[in-house]
2 protein chains.
Amino acid sequence: MEITENKTLPTKTECDGSLKNVIDAMYVLSGRWKLPLILCLVQSPKRFNEIQKEMASISPKVLSNELKDLELNFFIERKVFPTTPVSIIYEATEYTHTLKNVLAELSIWGEKHRDKIKQTGF
Amino acid sequence: MEITENKTLPTKTECDGSLKNVIDAMYVLSGRWKLPLILCLVQSPKRFNEIQKEMASISPKVLSNELKDLELNFFIERKVFPTTPVSIIYEATEYTHTLKNVLAELSIWGEKHRDKIKQTGF
């Protein structure tokens, strides 16, 4: 994953716009699991059990609800294949790939944050 | 706010690491209000009422709980000044500024997402 140059924070005149943008973004992305789930499915389409395995501490009920929410917001598609038994695959939509910069920056920050916690115990 | 170049998504071998990073990041940043609140206070220190005014639809109770959570995680400081009546100012910590790239990308995405919804009604 590429490391990006630091970006400048918005100027005062851009503040209201930026805040509105972030509020709107978090309206559809909030919750502990939505962004990790999106990343998990952007990496490759998966079955329910495969997703649950990757997101170790999520309960089946929460995972099921989060997947429904993501589907309603057009971030993922639930594809049913007529095999025996039926195969159900969850896949990130093309639109979801517009989140790749957000996910990349979150990953960089998450890694640094974990290191910081390990170092300082804070 | 600068527009950044698209970043590449992680390769398969980096996937597990990226997913863990994003899960860890969202462990402390999840919820509809934390990232908007952080941006609001990174822009400038503010009083409770000023924050509430900027985050139009947040209730005082939720705002109070969210500010406590952010303080416990060392993202903000609550400063009390011995004026009459006492002044309480909430301020982003230096560490919080490490989130500026995440906030910048979220703002860019939030703006595009709003435009997309307006255009397509999706």
# chains A, B, ... in the order shown; residues from 1 in each chain; ligands from 1
$ closest_atom_pairs --of "chain B" --to "chain A" --cutoff "6 Å" --atoms "only C-alpha atoms" --output "tab-separated table"
residue	atom	partner	partner_atom	distance
B:Met1	CA	A:Pro10	CA	5.2
B:Lys7	CA	A:Asn101	CA	5.8
B:Pro10	CA	A:Met1	CA	5.1
B:Ser18	CA	A:Ser107	CA	5.4
B:Asn21	CA	A:Gly110	CA	4.5
B:Val22	CA	A:Ser107	CA	4.9
B:Ile23	CA	A:Pro36	CA	5.6
B:Asp24	CA	A:Gly110	CA	5.7
B:Ala25	CA	A:Gly110	CA	4.4
B:Met26	CA	A:Arg32	CA	5.3
B:Ser30	CA	A:Arg32	CA	4.7
B:Gly31	CA	A:Gly31	CA	4.8
B:Arg32	CA	A:Ser30	CA	4.7
B:Pro36	CA	A:Ile23	CA	5.6
B:Asn101	CA	A:Lys7	CA	5.8
B:Val102	CA	A:Glu105	CA	5.3
B:Glu105	CA	A:Val102	CA	5.3
B:Leu106	CA	A:Val22	CA	5.8
B:Ser107	CA	A:Asn21	CA	4.9
B:Gly110	CA	A:Ala25	CA	4.4
B:Glu111	CA	A:Asn21	CA	5.1
$ atom_distance --atom1 "atom CA of Phe75 of chain B" --atom2 "atom CA of Gln119 of chain A"
17.1 Å
$ atom_distance --atom1 "atom CA of Leu41 of chain A" --atom2 "atom CA of Ala92 of chain A"
5.3 Å
$ atom_distance --atom1 "atom CA of Val80 of chain B" --atom2 "atom CA of Arg47 of chain B"
10.4 Å
$ select_by_dssp --residues "chain B" --states "helix (DSSP H, G or I)" --output "ChimeraX atom specification"
/B:12-29,34-43,48-54,60-72,95-120
